[in-house]
file target_28.cif (mmCIF, C-alpha atoms)
data_entry
#
loop_
_atom_site.label_atom_id
_atom_site.label_comp_id
_atom_site.auth_asym_id
_atom_site.auth_seq_id
_atom_site.Cartn_x
_atom_site.Cartn_y
_atom_site.Cartn_z
CA MET A 27 121.18 26.65 -193.20
CA GLY A 28 124.58 27.75 -194.54
CA LYS A 29 127.52 29.45 -192.91
CA LEU A 30 126.01 32.76 -191.91
CA ARG A 31 124.22 32.56 -188.60
CA GLU A 32 121.90 34.59 -186.51
CA PRO A 33 123.42 36.11 -183.36
CA LEU A 34 122.59 33.05 -181.25
CA GLY A 35 123.49 34.41 -177.84
CA GLU A 36 120.89 37.15 -177.95
CA LEU A 37 117.18 37.23 -177.47
CA THR A 38 116.83 40.85 -178.42
CA ASP A 39 114.98 43.10 -180.81
CA SER A 40 117.04 41.68 -183.65
CA CYS A 41 114.96 38.49 -183.52
CA GLY A 42 111.18 38.79 -183.67
CA LEU A 43 110.54 35.51 -181.90
CA PRO A 44 110.87 36.36 -178.18
CA MET A 45 107.95 38.78 -178.34
CA ALA A 46 105.77 36.13 -179.94
CA LEU A 47 106.71 33.56 -177.32
CA GLU A 48 105.99 36.00 -174.54
CA ALA A 49 102.50 36.60 -175.88
CA MET A 50 101.67 32.95 -176.47
CA GLY A 51 103.94 30.99 -174.14
CA GLU A 52 102.11 31.58 -170.88
CA ARG A 53 99.42 29.00 -170.24
CA TRP A 54 96.50 31.30 -169.40
CA SER A 55 97.36 33.88 -172.04
CA PHE A 56 97.36 31.12 -174.58
CA MET A 57 93.98 29.79 -173.42
CA ILE A 58 92.44 33.28 -173.58
CA LEU A 59 93.83 33.70 -177.10
CA ARG A 60 92.48 30.35 -178.18
CA ALA A 61 89.07 31.24 -176.74
CA SER A 62 89.15 34.59 -178.58
CA PHE A 63 89.78 32.81 -181.87
CA ASN A 64 86.76 30.66 -181.01
CA GLY A 65 84.52 33.72 -180.73
CA LEU A 66 84.48 34.52 -176.99
CA HIS A 67 84.42 38.26 -176.25
CA HIS A 68 83.16 38.89 -172.71
CA PHE A 69 84.88 38.75 -169.34
CA GLU A 70 82.11 36.54 -167.93
CA GLU A 71 82.31 34.17 -170.91
CA PHE A 72 86.06 33.69 -170.45
CA LEU A 73 85.52 33.23 -166.71
CA GLU A 74 82.92 30.53 -167.22
CA GLU A 75 84.42 28.67 -170.19
CA LEU A 76 88.05 28.64 -169.10
CA GLY A 77 87.65 27.87 -165.42
CA ILE A 78 90.14 30.64 -164.68
CA ALA A 79 90.31 32.68 -161.47
CA ARG A 80 88.85 36.20 -161.76
CA ASN A 81 92.07 38.01 -160.79
CA ILE A 82 94.24 35.97 -163.16
CA LEU A 83 91.80 36.53 -166.04
CA SER A 84 91.78 40.25 -165.33
CA ASN A 85 95.58 40.35 -165.22
CA ARG A 86 96.08 38.40 -168.47
CA LEU A 87 93.43 40.40 -170.35
CA THR A 88 95.19 43.61 -169.30
CA LYS A 89 98.53 42.24 -170.53
CA LEU A 90 97.07 41.12 -173.86
CA VAL A 91 95.49 44.56 -174.32
CA GLN A 92 98.80 46.26 -173.42
CA ALA A 93 100.55 44.04 -175.97
CA GLY A 94 98.06 45.21 -178.61
CA ILE A 95 96.77 41.68 -179.21
CA LEU A 96 93.28 42.26 -177.78
CA LYS A 97 91.32 45.53 -177.67
CA ARG A 98 88.59 46.68 -175.30
CA ALA A 99 85.48 48.05 -177.02
CA PRO A 100 81.85 48.74 -176.13
CA CYS A 101 79.63 45.78 -176.94
CA VAL A 102 77.65 46.23 -180.17
CA ASP A 103 74.22 45.31 -178.73
CA ASP A 104 74.73 46.82 -175.26
CA ARG A 105 77.07 49.84 -175.21
CA ARG A 106 77.37 49.74 -171.40
CA ARG A 107 79.17 46.40 -171.61
CA ILE A 108 82.80 45.98 -172.61
CA GLU A 109 84.03 43.25 -174.89
CA TYR A 110 87.49 42.01 -175.87
CA ARG A 111 88.26 41.57 -179.55
CA LEU A 112 91.34 40.41 -181.40
CA THR A 113 93.19 43.27 -183.08
CA ASP A 114 94.80 42.81 -186.50
CA LYS A 115 98.01 42.02 -184.63
CA GLY A 116 96.16 39.39 -182.61
CA LEU A 117 94.41 37.88 -185.63
CA ASP A 118 97.79 37.65 -187.30
CA LEU A 119 98.89 35.11 -184.66
CA LEU A 120 96.66 32.52 -186.32
CA PRO A 121 99.30 30.93 -188.60
CA ALA A 122 101.68 30.52 -185.64
CA MET A 123 98.94 29.00 -183.47
CA ILE A 124 97.87 26.62 -186.21
CA ALA A 125 101.48 25.63 -187.00
CA LEU A 126 102.07 24.77 -183.32
CA ARG A 127 98.77 22.93 -183.16
CA GLN A 128 99.50 20.87 -186.27
CA TRP A 129 102.92 19.95 -184.90
CA GLY A 130 101.35 18.84 -181.62
CA GLU A 131 98.78 16.79 -183.51
CA ARG A 132 101.40 15.11 -185.67
CA TRP A 133 103.91 14.32 -182.94
CA GLY A 134 101.93 14.32 -179.73
CA THR A 135 99.06 11.95 -179.30
CA GLY A 136 99.03 10.89 -182.95
CA ILE A 137 95.33 11.61 -182.90
CA PRO A 138 94.12 14.74 -184.66
CA SER A 139 92.32 17.23 -182.48
CA ASN A 140 88.56 17.12 -182.67
CA PRO A 141 86.77 19.26 -183.83
CA VAL A 142 88.80 19.74 -186.99
CA LEU A 143 89.68 23.17 -188.36
CA CYS A 144 88.12 23.45 -191.83
CA ASP A 145 87.69 25.85 -194.69
CA GLU A 146 84.12 27.17 -194.43
CA ARG A 147 83.73 27.24 -198.20
CA ASP A 148 84.19 23.55 -198.93
CA ARG A 149 84.11 22.19 -195.37
CA LEU A 150 87.38 20.29 -195.83
CA PRO A 151 90.30 20.31 -193.37
CA ILE A 152 92.83 23.06 -193.98
CA ALA A 153 96.26 22.18 -195.38
CA GLN A 154 99.38 21.64 -193.28
CA LEU A 155 101.41 24.83 -192.96
CA VAL A 156 104.68 24.55 -194.87
CA LEU A 157 107.53 26.91 -195.64
CA ARG A 158 107.44 28.22 -199.19
CA SER A 159 109.70 30.19 -201.48
CA HIS A 160 108.44 33.54 -202.77
CA ASP A 161 107.11 31.71 -205.85
CA GLY A 162 105.34 28.97 -203.90
CA ARG A 163 107.75 26.02 -203.88
CA THR A 164 107.70 23.97 -200.66
CA LEU A 165 110.93 24.38 -198.68
CA GLY A 166 112.50 22.06 -196.10
CA PRO A 167 115.19 22.87 -193.52
CA LYS A 168 117.95 21.98 -196.02
CA ASP A 169 116.67 24.42 -198.64
CA LEU A 170 117.27 27.45 -196.41
CA CYS A 171 120.17 29.82 -195.95
CA TRP A 172 120.75 33.06 -194.08
CA ILE A 173 121.66 36.09 -196.15
CA ASP A 174 122.79 39.41 -194.76
CA GLU A 175 120.27 42.10 -195.58
CA ASN A 176 122.93 44.17 -197.32
CA ASP A 177 123.86 41.27 -199.61
CA LEU A 178 120.32 40.64 -200.77
CA ASP A 179 119.86 40.87 -204.48
CA ASN A 180 117.87 43.91 -205.68
CA LYS A 181 115.25 41.51 -207.04
CA GLU A 182 114.29 41.01 -203.44
CA SER A 183 112.69 44.42 -203.03
CA LYS A 184 109.64 43.56 -205.09
CA HIS A 185 108.82 40.64 -202.80
CA GLN A 186 108.92 42.65 -199.57
CA PRO A 187 105.82 44.51 -198.40
CA ALA A 188 106.22 48.19 -199.23
CA ASP A 189 105.74 49.43 -195.65
CA ILE A 190 108.59 47.30 -194.36
CA ARG A 191 110.91 48.55 -197.10
CA GLN A 192 110.11 52.10 -196.08
CA LEU A 193 110.77 51.45 -192.40
CA VAL A 194 114.24 50.13 -193.05
CA GLY A 195 115.04 52.83 -195.54
CA GLY A 196 115.19 50.47 -198.52
CA SER A 197 114.33 51.30 -202.09
CA MET B 3 84.93 30.31 -186.64
CA GLY B 4 81.32 29.12 -186.51
CA LYS B 5 79.19 27.76 -183.70
CA LEU B 6 81.04 24.57 -182.88
CA ARG B 7 83.90 25.19 -180.48
CA GLU B 8 86.89 23.42 -179.12
CA PRO B 9 86.65 22.39 -175.46
CA LEU B 10 88.10 25.69 -174.24
CA GLY B 11 88.54 24.86 -170.56
CA GLU B 12 91.00 22.07 -171.22
CA LEU B 13 94.64 21.95 -172.08
CA THR B 14 94.76 18.22 -172.58
CA ASP B 15 95.68 15.61 -175.15
CA SER B 16 92.70 16.67 -177.23
CA CYS B 17 94.58 19.81 -178.29
CA GLY B 18 98.04 19.36 -179.76
CA LEU B 19 99.19 22.81 -178.82
CA PRO B 20 100.24 22.56 -175.15
CA MET B 21 102.97 20.07 -176.02
CA ALA B 22 104.34 22.40 -178.65
CA LEU B 23 104.34 25.34 -176.26
CA GLU B 24 106.08 23.31 -173.60
CA ALA B 25 108.88 22.44 -176.02
CA MET B 26 109.33 25.96 -177.38
CA GLY B 27 108.01 28.27 -174.68
CA GLU B 28 110.90 28.11 -172.26
CA ARG B 29 113.60 30.67 -173.00
CA TRP B 30 116.68 28.44 -172.96
CA SER B 31 114.99 25.53 -174.71
CA PHE B 32 114.02 27.91 -177.46
CA MET B 33 117.55 29.30 -177.78
CA ILE B 34 119.01 25.78 -178.00
CA LEU B 35 116.44 24.90 -180.67
CA ARG B 36 117.23 28.03 -182.64
CA ALA B 37 120.95 27.26 -182.41
CA SER B 38 120.30 23.69 -183.60
CA PHE B 39 118.49 24.99 -186.66
CA ASN B 40 121.55 27.17 -187.24
CA GLY B 41 123.81 24.12 -187.37
CA LEU B 42 125.22 23.85 -183.82
CA HIS B 43 125.66 20.26 -182.63
CA HIS B 44 128.12 20.11 -179.74
CA PHE B 45 127.74 20.78 -176.03
CA GLU B 46 130.76 23.08 -176.07
CA GLU B 47 129.42 25.00 -179.07
CA PHE B 48 126.09 25.66 -177.36
CA LEU B 49 127.93 26.63 -174.18
CA GLU B 50 130.09 29.16 -175.97
CA GLU B 51 127.58 30.61 -178.43
CA LEU B 52 124.58 30.90 -176.11
CA GLY B 53 126.27 32.18 -172.97
CA ILE B 54 124.31 29.62 -170.99
CA ALA B 55 125.36 28.05 -167.68
CA ARG B 56 126.72 24.49 -167.99
CA ASN B 57 124.12 22.92 -165.66
CA ILE B 58 121.17 24.67 -167.37
CA LEU B 59 122.42 23.64 -170.81
CA SER B 60 122.80 20.05 -169.63
CA ASN B 61 119.30 20.08 -168.13
CA ARG B 62 117.62 21.55 -171.24
CA LEU B 63 119.45 19.24 -173.65
CA THR B 64 118.27 16.25 -171.60
CA LYS B 65 114.68 17.51 -171.71
CA LEU B 66 114.81 18.12 -175.46
CA VAL B 67 116.21 14.59 -175.97
CA GLN B 68 113.48 13.14 -173.72
CA ALA B 69 110.87 15.03 -175.75
CA GLY B 70 112.26 13.43 -178.91
CA ILE B 71 113.18 16.80 -180.43
CA LEU B 72 116.97 16.33 -180.29
CA LYS B 73 118.89 13.07 -180.42
CA ARG B 74 122.34 12.20 -179.07
CA ALA B 75 124.64 10.50 -181.59
CA PRO B 76 128.36 9.83 -181.98
CA CYS B 77 130.05 12.59 -183.93
CA VAL B 78 130.75 11.64 -187.57
CA ASP B 79 134.44 12.65 -187.62
CA ASP B 80 135.26 11.65 -184.03
CA ARG B 81 133.16 8.76 -182.74
CA ARG B 82 134.25 9.38 -179.13
CA ARG B 83 132.42 12.70 -179.13
CA ILE B 84 128.67 13.09 -178.78
CA GLU B 85 126.63 15.51 -180.83
CA TYR B 86 123.05 16.69 -180.65
CA ARG B 87 120.98 16.62 -183.84
CA LEU B 88 117.40 17.59 -184.57
CA THR B 89 115.14 14.57 -185.07
CA ASP B 90 112.40 14.59 -187.71
CA LYS B 91 110.07 15.73 -184.93
CA GLY B 92 112.45 18.57 -184.12
CA LEU B 93 112.96 19.59 -187.74
CA ASP B 94 109.18 19.66 -188.10
CA LEU B 95 109.05 22.59 -185.63
CA LEU B 96 110.46 24.85 -188.33
CA PRO B 97 107.12 26.16 -189.70
CA ALA B 98 105.97 27.05 -186.17
CA MET B 99 109.27 28.79 -185.37
CA ILE B 100 109.21 30.73 -188.62
CA ALA B 101 105.54 31.69 -188.19
CA LEU B 102 106.28 33.08 -184.71
CA ARG B 103 109.36 34.84 -186.02
CA GLN B 104 107.51 36.43 -188.92
CA TRP B 105 104.80 37.65 -186.56
CA GLY B 106 107.42 39.16 -184.27
CA GLU B 107 109.08 40.86 -187.23
CA ARG B 108 105.81 42.29 -188.51
CA TRP B 109 104.44 43.53 -185.20
CA GLY B 110 107.47 43.91 -182.98
CA THR B 111 110.23 46.23 -183.96
CA GLY B 112 108.91 46.78 -187.47
CA ILE B 113 112.39 45.98 -188.67
CA PRO B 114 112.95 42.58 -190.26
CA SER B 115 115.49 40.39 -188.51
CA ASN B 116 118.93 40.36 -190.05
CA PRO B 117 120.23 38.03 -191.47
CA VAL B 118 117.22 37.18 -193.60
CA LEU B 119 116.00 33.61 -194.05
CA CYS B 120 116.20 32.79 -197.76
CA ASP B 121 115.64 30.02 -200.23
CA GLU B 122 119.09 28.66 -201.08
CA ARG B 123 118.09 28.04 -204.71
CA ASP B 124 117.29 31.60 -205.72
CA ARG B 125 118.62 33.44 -202.65
CA LEU B 126 115.37 35.36 -202.17
CA PRO B 127 113.54 35.77 -198.84
CA ILE B 128 111.04 33.02 -198.11
CA ALA B 129 107.33 33.78 -198.30
CA GLN B 130 105.15 34.68 -195.32
CA LEU B 131 103.45 31.63 -193.84
CA VAL B 132 99.71 31.72 -194.47
CA LEU B 133 96.82 29.37 -193.83
CA ARG B 134 95.68 27.57 -196.95
CA SER B 135 92.79 25.36 -197.96
CA HIS B 136 93.56 21.82 -199.14
CA ASP B 137 93.66 23.15 -202.71
CA GLY B 138 95.94 26.08 -201.94
CA ARG B 139 93.62 29.07 -201.49
CA THR B 140 94.79 31.57 -198.82
CA LEU B 141 92.50 31.53 -195.77
CA GLY B 142 91.90 34.22 -193.15
CA PRO B 143 90.34 33.87 -189.68
CA LYS B 144 86.85 34.45 -191.14
CA ASP B 145 87.17 31.62 -193.65
CA LEU B 146 87.48 28.97 -190.96
CA CYS B 147 85.00 26.77 -189.15
CA TRP B 148 85.21 23.85 -186.75
CA ILE B 149 83.70 20.57 -187.92
CA ASP B 150 83.22 17.52 -185.75
CA GLU B 151 85.34 14.67 -187.03
CA ASN B 152 82.28 12.45 -187.41
CA ASP B 153 80.52 15.03 -189.58
CA LEU B 154 83.38 15.41 -192.02
CA ASP B 155 82.46 14.68 -195.58
CA ASN B 156 83.94 11.47 -197.00
CA LYS B 157 85.82 13.59 -199.52
CA GLU B 158 88.00 14.54 -196.61
CA SER B 159 89.69 11.15 -196.30
CA LYS B 160 91.72 11.58 -199.45
CA HIS B 161 93.25 14.80 -198.12
CA GLN B 162 94.42 13.32 -194.82
CA PRO B 163 97.74 11.48 -194.63
CA ALA B 164 97.07 7.74 -194.67
CA ASP B 165 98.89 7.07 -191.40
CA ILE B 166 96.70 9.50 -189.47
CA ARG B 167 93.54 7.95 -190.90
CA GLN B 168 94.76 4.56 -189.78
CA LEU B 169 95.56 5.74 -186.27
CA VAL B 170 92.05 7.08 -185.71
CA GLY B 171 90.42 4.08 -187.34
CA GLY B 172 89.15 6.02 -190.36
CA SER B 173 88.66 4.64 -193.83
#
call {"tool": "encode", "arguments": {"input": "target_28.cif", "output": "structure tokens"}}
result
Amino acid sequence: MGKLREPLGELTDSCGLPMALEAMGERWSFMILRASFNGLHHFEEFLEELGIARNILSNRLTKLVQAGILKRAPCVDDRRRIEYRLTDKGLDLLPAMIALRQWGERWGTGIPSNPVLCDERDRLPIAQLVLRSHDGRTLGPKDLCWIDENDLDNKESKHQPADIRQLVGGS
Amino acid sequence: MGKLREPLGELTDSCGLPMALEAMGERWSFMILRASFNGLHHFEEFLEELGIARNILSNRLTKLVQAGILKRAPCVDDRRRIEYRLTDKGLDLLPAMIALRQWGERWGTGIPSNPVLCDERDRLPIAQLVLRSHDGRTLGPKDLCWIDENDLDNKESKHQPADIRQLVGGS
């Protein structure tokens, strides 16, 4: 990946990855997340389907809510009940979960997980996640380099989401 | 994601994800992996750059070699020295690492990591990883469904890699 490197001795705010690992890396948190993506919303559903102890479930749900990944809301058909729903931040974990899953399928048992994750429109398995350039070319590890933010070409600004450019004071 | 669900109470061979989390989820293992992707190969390099204790580094390198993610090989310019290189299995973790990183960047500090991961060819930041259908359409969480392997349309076979079809006894 070229000569420039990340600061490798740090796991700090300068790298976005530690936060993601913290949210996903713990076994029960991961199982609750996976169940949420599969449409479970209620404390009792998680309890029954996951075979998790009540106090651990309660603890992990609280942490996931604090992390902004799940939100507590009154149930639509019974407002006295509370349900847990994925926030936009939580939903946005899907590519990372699928990338990890696909890697495990390819290199783990060699047998694809069943059931298979498909596109609802044509009912065919989704594609493997791959790195792509801004214009859609597939990239491998050898196609990558690190560039200091200040050395980025001006062309770059049109490919960054506007809100991020504002946050870092860019044009 | 539809009515059909994964078996949510299990973290077994039927889901490829636990293996991936085990490889990446531990703090030091992750830092060694990240350093490997940044071109570090030698025990002494890891030791110096990561600020990791010698015995922990030794332990984690052994585990990553046992998991088939790194391999030990004689150094090209000095055959008496050993270096650690990512295997194909290890290199294949890149999409998952980048997906987690991008999520952390978007939802963590709000500030993109610096340096920025770019395409070496045009020196522009790589694209965000997104889920895609087999024919390249972008998919969100609501576009997905689970389909039992046995109910998959025959059309599906031409979109699966041949080796996987062979392993599961498909056509």
call {"tool": "residues_around", "arguments": {"input": "target_28.cif", "residues": "B:Asp150", "least_positions_apart": "4", "cutoff": "7 Å", "atoms": "all atoms listed in the file", "output": "compact mmCIF listing (two decimals) with C-alpha atoms, in the frame of the given file"}}
result
# COMPACT_ATOMS: atom_id res chain seq x y z
CA ASN A 140 88.56 17.12 -182.67
CA PRO A 141 86.77 19.26 -183.83
CA VAL A 142 88.80 19.74 -186.99
CA LEU B 154 83.38 15.41 -192.02
call {"tool": "resolve_selection", "arguments": {"input": "target_28.cif", "expression": "the PyMOL selection byres ((chain B and resi 42) around 12)", "output": "PDB file with C-alpha atoms, in the coordinates of the input"}}
result
ATOM      1  CA  MET A  27     121.180  26.650-193.200  1.00  0.00           C
ATOM      2  CA  GLY A  28     124.580  27.750-194.540  1.00  0.00           C
ATOM      3  CA  LYS A  29     127.520  29.450-192.910  1.00  0.00           C
ATOM      4  CA  ARG A  31     124.220  32.560-188.600  1.00  0.00           C
ATOM      5  CA  GLU A  32     121.900  34.590-186.510  1.00  0.00           C
ATOM      6  CA  LEU A  34     122.590  33.050-181.250  1.00  0.00           C
TER       7      LEU A  34
ATOM      8  CA  MET B  33     117.550  29.300-177.780  1.00  0.00           C
ATOM      9  CA  ILE B  34     119.010  25.780-178.000  1.00  0.00           C
ATOM     10  CA  LEU B  35     116.440  24.900-180.670  1.00  0.00           C
ATOM     11  CA  ARG B  36     117.230  28.030-182.640  1.00  0.00           C
ATOM     12  CA  ALA B  37     120.950  27.260-182.410  1.00  0.00           C
ATOM     13  CA  SER B  38     120.300  23.690-183.600  1.00  0.00           C
ATOM     14  CA  PHE B  39     118.490  24.990-186.660  1.00  0.00           C
ATOM     15  CA  ASN B  40     121.550  27.170-187.240  1.00  0.00           C
ATOM     16  CA  GLY B  41     123.810  24.120-187.370  1.00  0.00           C
ATOM     17  CA  HIS B  43     125.660  20.260-182.630  1.00  0.00           C
ATOM     18  CA  HIS B  44     128.120  20.110-179.740  1.00  0.00           C
ATOM     19  CA  PHE B  45     127.740  20.780-176.030  1.00  0.00           C
ATOM     20  CA  GLU B  46     130.760  23.080-176.070  1.00  0.00           C
ATOM     21  CA  GLU B  47     129.420  25.000-179.070  1.00  0.00           C
ATOM     22  CA  PHE B  48     126.090  25.660-177.360  1.00  0.00           C
ATOM     23  CA  LEU B  49     127.930  26.630-174.180  1.00  0.00           C
ATOM     24  CA  GLU B  50     130.090  29.160-175.970  1.00  0.00           C
ATOM     25  CA  GLU B  51     127.580  30.610-178.430  1.00  0.00           C
ATOM     26  CA  LEU B  52     124.580  30.900-176.110  1.00  0.00           C
ATOM     27  CA  LEU B  72     116.970  16.330-180.290  1.00  0.00           C
ATOM     28  CA  GLU B  85     126.630  15.510-180.830  1.00  0.00           C
ATOM     29  CA  TYR B  86     123.050  16.690-180.650  1.00  0.00           C
ATOM     30  CA  ARG B  87     120.980  16.620-183.840  1.00  0.00           C
ATOM     31  CA  LEU B  88     117.400  17.590-184.570  1.00  0.00           C
TER      32      LEU B  88
END
call {"tool": "atom_distance", "arguments": {"input": "target_28.cif", "atom1": "atom CA of A:Pro121", "atom2": "atom CA of B:Ser135"}}
result
12.7 Å
call {"tool": "residues_around", "arguments": {"input": "target_28.cif", "residues": "A:Gly162", "least_positions_apart": "5", "cutoff": "10 Å", "atoms": "all atoms listed in the file", "output": "PyMOL selection string"}}
result
(chain A and resi 157) or (chain B and resi 128-129)
call {"tool": "closest_residue", "arguments": {"input": "target_28.cif", "among": "B:Arg74, B:Arg82, B:Arg103, B:Arg62", "to": "chain A", "atoms": "all atoms listed in the file"}}
result
B:Arg103
call {"tool": "decode", "arguments": {"input": "target_28.cif", "residues": "stretch 89-106 of chain B", "atoms": "N, CA and C atoms", "output": "compact mmCIF listing (two decimals), in the first residue's frame"}}
result
# COMPACT_ATOMS: atom_id res chain seq x y z
N THR B 89 -1.45 -14.36 3.87
CA THR B 89 -1.83 -15.38 2.89
C THR B 89 -2.98 -14.84 2.05
N ASP B 90 -3.43 -15.62 1.07
CA ASP B 90 -4.62 -15.21 0.30
C ASP B 90 -5.82 -15.04 1.23
N LYS B 91 -5.93 -15.95 2.19
CA LYS B 91 -7.01 -15.87 3.17
C LYS B 91 -6.93 -14.58 3.98
N GLY B 92 -5.69 -14.20 4.34
CA GLY B 92 -5.50 -12.96 5.08
C GLY B 92 -5.80 -11.73 4.23
N LEU B 93 -5.28 -11.73 3.01
CA LEU B 93 -5.52 -10.60 2.10
C LEU B 93 -7.02 -10.41 1.85
N ASP B 94 -7.74 -11.52 1.89
CA ASP B 94 -9.17 -11.50 1.60
C ASP B 94 -9.97 -10.85 2.73
N LEU B 95 -9.32 -10.55 3.86
CA LEU B 95 -10.00 -9.83 4.95
C LEU B 95 -10.14 -8.33 4.65
N LEU B 96 -9.48 -7.88 3.59
CA LEU B 96 -9.45 -6.44 3.32
C LEU B 96 -10.85 -5.81 3.19
N PRO B 97 -11.78 -6.40 2.41
CA PRO B 97 -13.10 -5.75 2.34
C PRO B 97 -13.76 -5.61 3.72
N ALA B 98 -13.65 -6.64 4.56
CA ALA B 98 -14.26 -6.56 5.89
C ALA B 98 -13.59 -5.47 6.73
N MET B 99 -12.26 -5.39 6.67
CA MET B 99 -11.56 -4.36 7.44
C MET B 99 -11.95 -2.96 6.96
N ILE B 100 -12.03 -2.80 5.65
CA ILE B 100 -12.36 -1.48 5.11
C ILE B 100 -13.82 -1.12 5.41
N ALA B 101 -14.71 -2.11 5.35
CA ALA B 101 -16.12 -1.84 5.66
C ALA B 101 -16.26 -1.37 7.11
N LEU B 102 -15.57 -2.04 8.03
CA LEU B 102 -15.61 -1.65 9.44
C LEU B 102 -15.00 -0.26 9.62
N ARG B 103 -13.92 -0.02 8.92
CA ARG B 103 -13.24 1.27 9.02
C ARG B 103 -14.13 2.41 8.52
N GLN B 104 -14.78 2.15 7.38
CA GLN B 104 -15.63 3.20 6.80
C GLN B 104 -16.82 3.49 7.73
N TRP B 105 -17.35 2.44 8.35
CA TRP B 105 -18.44 2.64 9.30
C TRP B 105 -17.97 3.49 10.48
N GLY B 106 -16.80 3.15 10.99
CA GLY B 106 -16.24 3.92 12.11
C GLY B 106 -16.00 5.38 11.74
